[in-house]
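J.: See query-v8.txt below, with compact mmCIF, C-alpha atoms (C1' of nucleotides).
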```txt
# COMPACT_ATOMS: atom_id res chain seq x y z
CA MET R 1 96.40 107.58 110.82
CA CYS R 2 96.52 104.02 109.80
CA GLY R 3 96.49 103.18 106.12
CA ARG R 4 98.43 99.94 105.95
CA PHE R 5 99.26 97.10 108.36
CA THR R 6 100.48 93.51 108.59
CA LEU R 7 99.03 90.24 109.85
CA HIS R 8 101.29 87.24 109.53
CA ASP R 9 100.60 85.16 112.66
CA THR R 10 98.58 81.96 112.49
CA PRO R 11 94.92 81.91 113.57
CA GLU R 12 95.99 79.91 116.63
CA GLU R 13 98.51 82.57 117.65
CA ILE R 14 96.00 85.33 117.04
CA ILE R 15 93.33 83.71 119.18
CA ALA R 16 95.87 82.78 121.86
CA SER R 17 96.80 86.46 122.14
CA LEU R 18 93.30 87.08 123.53
CA ASP R 19 94.36 84.98 126.49
CA GLY R 20 91.22 82.96 127.01
CA LEU R 21 88.63 85.53 126.03
CA ASP R 22 85.42 83.68 125.19
CA ILE R 23 84.91 84.17 121.48
CA ASP R 24 82.86 82.28 118.92
CA VAL R 25 85.23 81.08 116.24
CA ASP R 26 82.71 78.66 114.80
CA GLY R 27 82.62 79.25 111.07
CA ALA R 28 84.82 82.23 111.72
CA GLY R 29 86.49 82.18 108.36
CA LEU R 30 89.87 82.65 109.99
CA GLU R 31 91.21 79.63 108.14
CA PRO R 32 92.96 79.53 105.86
CA LEU R 33 94.80 82.70 106.71
CA GLU R 34 97.57 83.71 104.35
CA PRO R 35 100.22 85.88 106.00
CA CYS R 36 99.90 89.42 104.74
CA TYR R 37 102.73 91.91 105.05
CA ASN R 38 100.88 94.70 103.30
CA VAL R 39 97.21 94.89 104.23
CA ALA R 40 95.64 97.77 102.30
CA PRO R 41 92.09 99.13 102.36
CA THR R 42 89.51 96.86 100.62
CA ILE R 43 91.37 93.73 101.77
CA TYR R 44 89.50 91.17 103.87
CA THR R 45 91.10 90.43 107.26
CA PRO R 46 90.04 88.65 110.45
CA THR R 47 88.06 90.69 112.98
CA VAL R 48 86.13 89.99 116.16
CA ALA R 49 82.72 91.64 116.41
CA GLY R 50 81.30 92.63 119.79
CA GLY R 51 78.37 91.00 121.55
CA GLU R 52 77.63 88.85 124.59
CA THR R 53 79.75 86.26 122.85
CA PRO R 54 82.19 88.07 120.59
CA THR R 55 82.31 86.47 117.16
CA ALA R 56 85.25 86.17 114.82
CA GLY R 57 84.82 86.69 111.11
CA ARG R 58 86.41 88.20 108.08
CA ARG R 59 85.56 91.71 107.07
CA ARG R 60 86.75 94.12 104.44
CA TRP R 61 88.72 97.19 105.46
CA GLY R 62 86.87 100.39 104.53
CA LEU R 63 83.49 100.91 106.16
CA VAL R 64 80.45 100.76 103.90
CA PRO R 65 77.50 101.91 106.04
CA HIS R 66 74.33 99.87 105.62
CA TRP R 67 72.61 102.88 104.06
CA ALA R 68 75.25 103.53 101.41
CA LYS R 69 74.11 103.67 97.81
CA ASP R 70 77.59 103.19 96.42
CA PRO R 71 79.97 100.83 98.22
CA ALA R 72 82.88 102.87 96.84
CA ILE R 73 82.39 105.10 99.88
CA GLY R 74 84.31 102.42 101.76
CA ASN R 75 87.50 103.40 99.96
CA ARG R 76 87.51 106.60 101.98
CA MET R 77 86.07 105.38 105.29
CA ILE R 78 89.15 103.54 106.45
CA ASN R 79 89.57 105.52 109.69
CA ALA R 80 87.32 107.18 112.26
CA ARG R 81 88.54 109.82 114.67
CA SER R 82 88.14 108.79 118.30
CA GLU R 83 87.58 112.41 119.26
CA THR R 84 84.43 112.71 117.15
CA VAL R 85 83.26 109.16 116.53
CA ALA R 86 80.37 109.49 118.98
CA GLU R 87 79.00 112.53 117.14
CA LYS R 88 79.61 111.97 113.45
CA PRO R 89 76.44 110.82 111.67
CA ALA R 90 78.29 108.13 109.76
CA PHE R 91 79.69 106.52 112.92
CA ARG R 92 77.75 107.43 116.04
CA ASN R 93 75.06 104.77 115.58
CA LEU R 94 77.71 102.11 115.23
CA VAL R 95 79.36 102.96 118.54
CA ALA R 96 76.52 101.36 120.48
CA LYS R 97 76.25 97.97 118.81
CA LYS R 98 78.80 97.62 116.04
CA ARG R 99 82.14 97.67 117.81
CA CYS R 100 84.87 95.29 116.73
CA ILE R 101 88.58 94.61 117.10
CA VAL R 102 91.13 94.01 114.35
CA PRO R 103 94.30 91.97 114.90
CA ALA R 104 97.61 93.18 113.46
CA ASN R 105 101.26 92.34 113.92
CA GLY R 106 102.21 95.93 113.15
CA TYR R 107 101.30 98.91 111.01
CA TYR R 108 102.95 101.39 108.65
CA GLU R 109 103.16 105.15 108.77
CA TRP R 110 104.77 107.45 106.22
CA LYS R 111 106.92 110.18 107.71
CA LYS R 112 107.29 113.35 105.75
CA HIS R 113 110.89 114.11 105.13
CA GLN R 114 112.37 117.46 104.13
CA ALA R 115 115.50 116.98 102.09
CA PRO R 116 118.43 119.17 103.25
CA GLY R 117 119.25 122.21 101.17
CA GLY R 118 115.62 122.96 100.44
CA GLY R 119 115.37 120.13 97.95
CA ARG R 120 112.37 117.98 97.28
CA SER R 121 110.54 116.59 100.26
CA GLY R 122 109.60 112.96 100.40
CA LYS R 123 108.06 110.31 102.55
CA ILE R 124 109.74 107.42 104.32
CA PRO R 125 107.62 104.48 105.42
CA TYR R 126 108.08 103.19 108.96
CA TYR R 127 106.97 99.91 110.50
CA ILE R 128 105.62 99.98 114.05
CA ARG R 129 105.12 96.90 116.21
CA SER R 130 105.37 95.41 119.67
CA PRO R 131 109.04 94.80 120.64
CA GLN R 132 107.86 91.43 122.02
CA HIS R 133 106.05 90.76 118.74
CA ARG R 134 102.70 90.61 120.48
CA VAL R 135 99.55 90.82 118.42
CA LEU R 136 98.10 94.33 118.44
CA TRP R 137 94.31 94.70 118.58
CA PHE R 138 92.96 97.84 116.91
CA ALA R 139 89.60 99.30 117.98
CA GLY R 140 87.16 99.40 115.09
CA LEU R 141 83.55 99.75 114.02
CA HIS R 142 81.79 97.51 111.54
CA ASP R 143 78.60 97.31 109.52
CA ASN R 144 76.97 95.14 106.89
CA TRP R 145 75.77 96.34 103.51
CA PHE R 146 73.59 94.60 100.94
CA SER R 147 73.85 95.15 97.21
CA ALA R 148 70.87 95.40 94.90
CA ASP R 149 71.13 91.67 94.24
CA ASP R 150 71.31 91.01 98.00
CA LYS R 151 74.99 90.20 98.22
CA ARG R 152 76.30 90.84 101.71
CA LEU R 153 79.37 93.00 102.35
CA ASP R 154 80.85 93.12 105.86
CA THR R 155 83.27 95.99 106.39
CA TYR R 156 85.09 97.86 109.14
CA THR R 157 86.94 101.06 109.95
CA ILE R 158 89.89 101.56 112.31
CA ILE R 159 89.60 104.23 115.01
CA THR R 160 92.50 106.67 115.31
CA THR R 161 93.85 108.87 118.10
CA ARG R 162 96.84 111.00 119.05
CA PRO R 163 100.16 109.17 118.89
CA ALA R 164 101.92 107.45 121.76
CA ALA R 165 105.22 109.15 122.67
CA ALA R 166 107.26 106.39 121.02
CA VAL R 167 105.80 107.14 117.58
CA ALA R 168 104.95 110.84 117.83
CA ASP R 169 107.97 111.81 115.71
CA ILE R 170 106.69 109.76 112.81
CA HIS R 171 103.11 110.89 112.56
CA HIS R 172 100.51 112.81 114.49
CA ARG R 173 97.86 110.09 114.41
CA MET R 174 97.88 106.40 115.24
CA PRO R 175 95.38 103.56 115.40
CA VAL R 176 93.76 102.93 118.77
CA ILE R 177 95.45 99.82 120.18
CA LEU R 178 93.37 98.31 122.96
CA PRO R 179 95.10 97.00 126.08
CA ARG R 180 94.25 93.37 126.79
CA ASP R 181 92.30 94.53 129.84
CA GLY R 182 90.12 96.81 127.71
CA ILE R 183 89.12 94.34 125.04
CA GLU R 184 86.24 92.77 126.92
CA GLN R 185 84.74 96.14 127.74
CA TRP R 186 85.04 97.19 124.10
CA LEU R 187 83.42 93.99 122.83
CA ARG R 188 80.87 93.10 125.48
CA PRO R 189 77.94 95.43 126.16
CA ASP R 190 77.35 93.61 129.48
CA ARG R 191 80.78 94.72 130.72
CA GLY R 192 80.07 98.40 130.94
CA ASP R 193 78.31 101.31 129.32
CA GLN R 194 79.11 103.12 126.12
CA ALA R 195 80.91 105.92 127.92
CA GLY R 196 83.24 103.36 129.43
CA ALA R 197 83.91 101.88 126.02
CA LEU R 198 84.65 105.31 124.54
CA ALA R 199 87.06 106.01 127.40
CA LEU R 200 89.25 103.19 126.04
CA LEU R 201 90.01 105.18 122.89
CA GLN R 202 93.36 106.52 124.07
CA PRO R 203 96.94 106.55 122.78
CA TYR R 204 98.62 103.22 123.45
CA ASN R 205 100.31 102.83 126.82
CA GLY R 206 102.33 99.73 125.97
CA GLU R 207 105.70 99.39 124.34
CA LEU R 208 106.14 100.02 120.63
CA GLU R 209 109.19 99.98 118.40
CA ALA R 210 109.50 101.72 115.05
CA TYR R 211 112.00 101.54 112.23
CA ALA R 212 112.27 102.69 108.64
CA VAL R 213 111.48 100.24 105.86
CA SER R 214 112.05 100.35 102.12
CA GLN R 215 109.64 101.74 99.53
CA MET R 216 108.49 98.20 98.79
CA VAL R 217 105.43 98.66 100.97
CA ASN R 218 104.29 101.62 98.89
CA SER R 219 102.64 99.51 96.25
CA PRO R 220 99.67 97.56 97.58
CA ARG R 221 100.60 94.88 95.06
CA ASN R 222 103.70 93.95 97.02
CA ASN R 223 103.12 91.33 99.71
CA SER R 224 106.49 90.14 100.93
CA PRO R 225 108.20 89.97 104.32
CA LEU R 226 110.60 92.50 102.80
CA CYS R 227 107.84 95.10 103.18
CA MET R 228 108.47 95.07 106.94
CA ALA R 229 112.22 94.49 106.77
CA PRO R 230 114.48 97.29 108.06
CA ALA R 231 115.28 99.65 105.20
CA ALA R 232 118.93 98.62 104.82
CA ALA R 233 118.10 94.91 104.70
CA ALA R 234 115.35 95.45 102.18
CA ASP R 235 117.68 97.54 100.02
CA ASP R 236 120.29 94.77 100.12
CA ALA R 237 117.67 92.30 98.96
CA ASP R 238 116.80 94.68 96.15
CA LEU R 239 120.38 94.42 94.93
CA LEU R 240 120.45 90.64 94.76
CA PRO R 241 121.34 89.41 91.28
CA GLY R 242 118.35 88.69 89.13
CA ARG R 243 116.07 91.08 90.95
CA SER R 244 114.83 93.84 88.72
CA ARG R 245 114.61 97.33 90.15
C1' DC N 1 58.56 119.41 103.07
C1' DC N 2 62.65 117.31 100.07
C1' DA N 3 67.70 117.10 98.96
C1' DG N 4 71.97 115.99 100.18
C1' DA N 5 75.46 114.62 103.19
C1' DC N 6 77.28 111.15 105.89
C1' DG N 7 84.99 110.72 106.25
C1' DT N 8 90.14 111.24 107.25
C1' DT N 9 94.43 112.77 106.02
C1' DG N 10 97.49 116.43 104.90
C1' DT N 11 98.48 120.76 102.89
C1' DT N 12 97.87 125.61 102.10
C1' DG Z 1 69.17 105.35 108.66
C1' DT Z 2 69.31 109.98 110.32
C1' DC Z 3 70.42 114.58 110.47
C1' DT Z 4 71.21 119.27 108.51
C1' DG Z 5 70.27 122.79 105.36
C1' DG Z 6 67.37 125.14 102.16
C1' DC O 1 98.13 104.85 103.03
C1' DC O 2 100.05 104.80 97.85
C1' DA O 3 99.43 103.58 92.88
C1' DG O 4 97.28 104.14 88.86
C1' DA O 5 93.82 105.72 85.94
C1' DC O 6 91.83 109.44 83.77
C1' DG O 7 88.03 107.34 77.04
C1' DT O 8 85.00 105.91 73.11
C1' DT O 9 83.97 103.43 69.19
C1' DG O 10 83.71 99.44 66.75
C1' DT O 11 85.40 94.99 65.73
C1' DT O 12 86.94 90.32 66.94
C1' DG P 1 94.19 117.62 89.62
C1' DT P 2 91.17 114.23 91.36
C1' DC P 3 89.15 110.01 91.94
C1' DT P 4 89.09 104.88 92.32
C1' DG P 5 91.06 100.63 93.59
C1' DG P 6 93.94 97.69 96.43
```
Write the structure described by the file as structure tokens, please.
T.:
Amino acid sequence: MCGRFTLHDTPEEIIASLDGLDIDVDGAGLEPLEPCYNVAPTIYTPTVAGGETPTAGRRRWGLVPHWAKDPAIGNRMINARSETVAEKPAFRNLVAKKRCIVPANGYYEWKKHQAPGGGRSGKIPYYIRSPQHRVLWFAGLHDNWFSADDKRLDTYTIITTRPAAAVADIHHRMPVILPRDGIEQWLRPDRGDQAGALALLQPYNGELEAYAVSQMVNSPRNNSPLCMAPAAAADDADLLPGRSR
DNA sequence: CCAGACGTTGTT
DNA sequence: GTCTGG
DNA sequence: CCAGACGTTGTT
DNA sequence: GTCTGG
């Protein structure tokens, strides 16, 4: 699945990674963009919503459907399965007109770990990213919700699929990462039909690298580059004088 | 007709 | 909003 | 995903 | 144990 990710590039770098795709960044709310090394559900991040001219804007992670009575439902709607997204009542109506993409520099997965000797099992967090440090674009769905006092809430969910071979040992699900060539079809209804868009929801074909990180990422309150540092380096930093454990 | 769900993950 | 279940 | 809360009353 | 919040 995908329950935590990073986004630390500048807005310019993020937009440049779309390689000239025509998007409306007017009033996009991409600036200012604080680097975040530990994006958790309910956090606002940049997204690009589909349309004839795709439009950038900030949205909150955790889909709150427009019909929801309680926006707390968004705390649990952080992922949508690609295999069933076209059928599930909560998602299928969004597939037609509410597709979006979500930029990330990488994401975290927790690998279950069985201690030798039948001891306690635990979980080790891993960070997964492009070896060339390219921006990854997740496939998502979005919606807008209005509170009783008419406050607008824009939210999204990240679509998941089976893992690419490079990360299959870590976890049996991964976010859908769109190839650059697929982004226009995902975002622009004039570039193909819905079936074509759904066909893009596949395990990632590109290169990925993965390595273990420290437990620092576990708490959503931690937002430091050390969250994505290799485990040994992060542990060393933990031992620096003056740092409480 | 109205009421109630609408989701994923992992674990058992 | 829309569908399923009762 | 993980962390953290999980409660009421009355008083300031 | 289970739910909410980040």
J.: Identify which of the residues R:Gly206, R:Gly50, R:Gly196, R:Gly74 lies closest to N:DG7, counting only C-alpha atoms (C1' of nucleotides) when measuring atom-to-atom distances.
T.: R:Gly74
J.: Write out as number ranges by chain the residues lying within 8 Å of N:DT8, counting all atoms listed in the file and excluding same-chain residues fewer than 2 positions away.
T.: R: 76-81
J.: Would you kindly return, as a ChimeraX atom specification, each protein, DNA or RNA residue with an atom no farther than 12 Å from any atom of O:DC2, considering all atoms listed in the file and excluding same-chain residues fewer than 3 positions away?
T.: /R:3-4,38,40-41,108-110,123-125,215-222 /P:5-6
J.: Listing only residues of chain N within 12 Å of chain R, what is the closest atom pair and its distance in Å (to one decimal) for each, using all atoms listed in the file, sorted by chain and residue number ascending, as JSON lines?
T.:
```
{"residue": "N:DA5", "atom": "C1'", "partner": "R:Pro89", "partner_atom": "CA", "distance": 9.3}
{"residue": "N:DC6", "atom": "C1'", "partner": "R:Ala90", "partner_atom": "CA", "distance": 5.0}
{"residue": "N:DG7", "atom": "C1'", "partner": "R:Met77", "partner_atom": "CA", "distance": 5.5}
{"residue": "N:DT8", "atom": "C1'", "partner": "R:Asn79", "partner_atom": "CA", "distance": 6.2}
{"residue": "N:DT9", "atom": "C1'", "partner": "R:Met1", "partner_atom": "CA", "distance": 7.3}
{"residue": "N:DG10", "atom": "C1'", "partner": "R:Lys112", "partner_atom": "CA", "distance": 10.3}
{"residue": "N:DT11", "atom": "C1'", "partner": "R:Lys112", "partner_atom": "CA", "distance": 11.9}
```
J.: Between atom CA of R:Gln194 and atom CA of R:Glu87, what is the distance, to one decimal in Å?
T.: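 Separation between atom CA of R:Gln194 and atom CA of R:Glu87: 13.0 Å.
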J.: Got a sec to pull out which chain Z residues are within 12 Å of chain R, counting only C-alpha atoms (C1' of nucleotides), and send them as number ranges by chain?
T.: Z: 1-4
J.: Work out how far apart atom CA of R:Arg59 and atom CA of R:His133 are and give it in Å to one decimal.
T.: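 Atom-to-atom, atom CA of R:Arg59 and atom CA of R:His133 are spaced 23.6 Å apart.
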J.: Return as JSON the centre and edge lengths, in Å with one decimal, of the box along x, y and z that encloses every atom of chain P in the file, padded by 8 Å per side.
T.:
```
{"center_x": 91.6, "center_y": 107.7, "center_z": 93.0, "size_x": 21.1, "size_y": 35.9, "size_z": 22.8}
```
J.: Provide the atom CA of R:Val95 to atom CA of R:Leu208 distance in Å, to one decimal place.
T.: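 Computing it gives 27.0 Å between the two atoms.
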J.: Quick one: residues within 10 Å of R:Leu153, all atoms listed in the file, excluding same-chain residues fewer than 2 positions away - as JSON, numbers by chain?
T.: {"R": [59, 60, 63, 64, 65, 66, 71, 143, 144, 145, 146, 147, 150, 151, 155]}
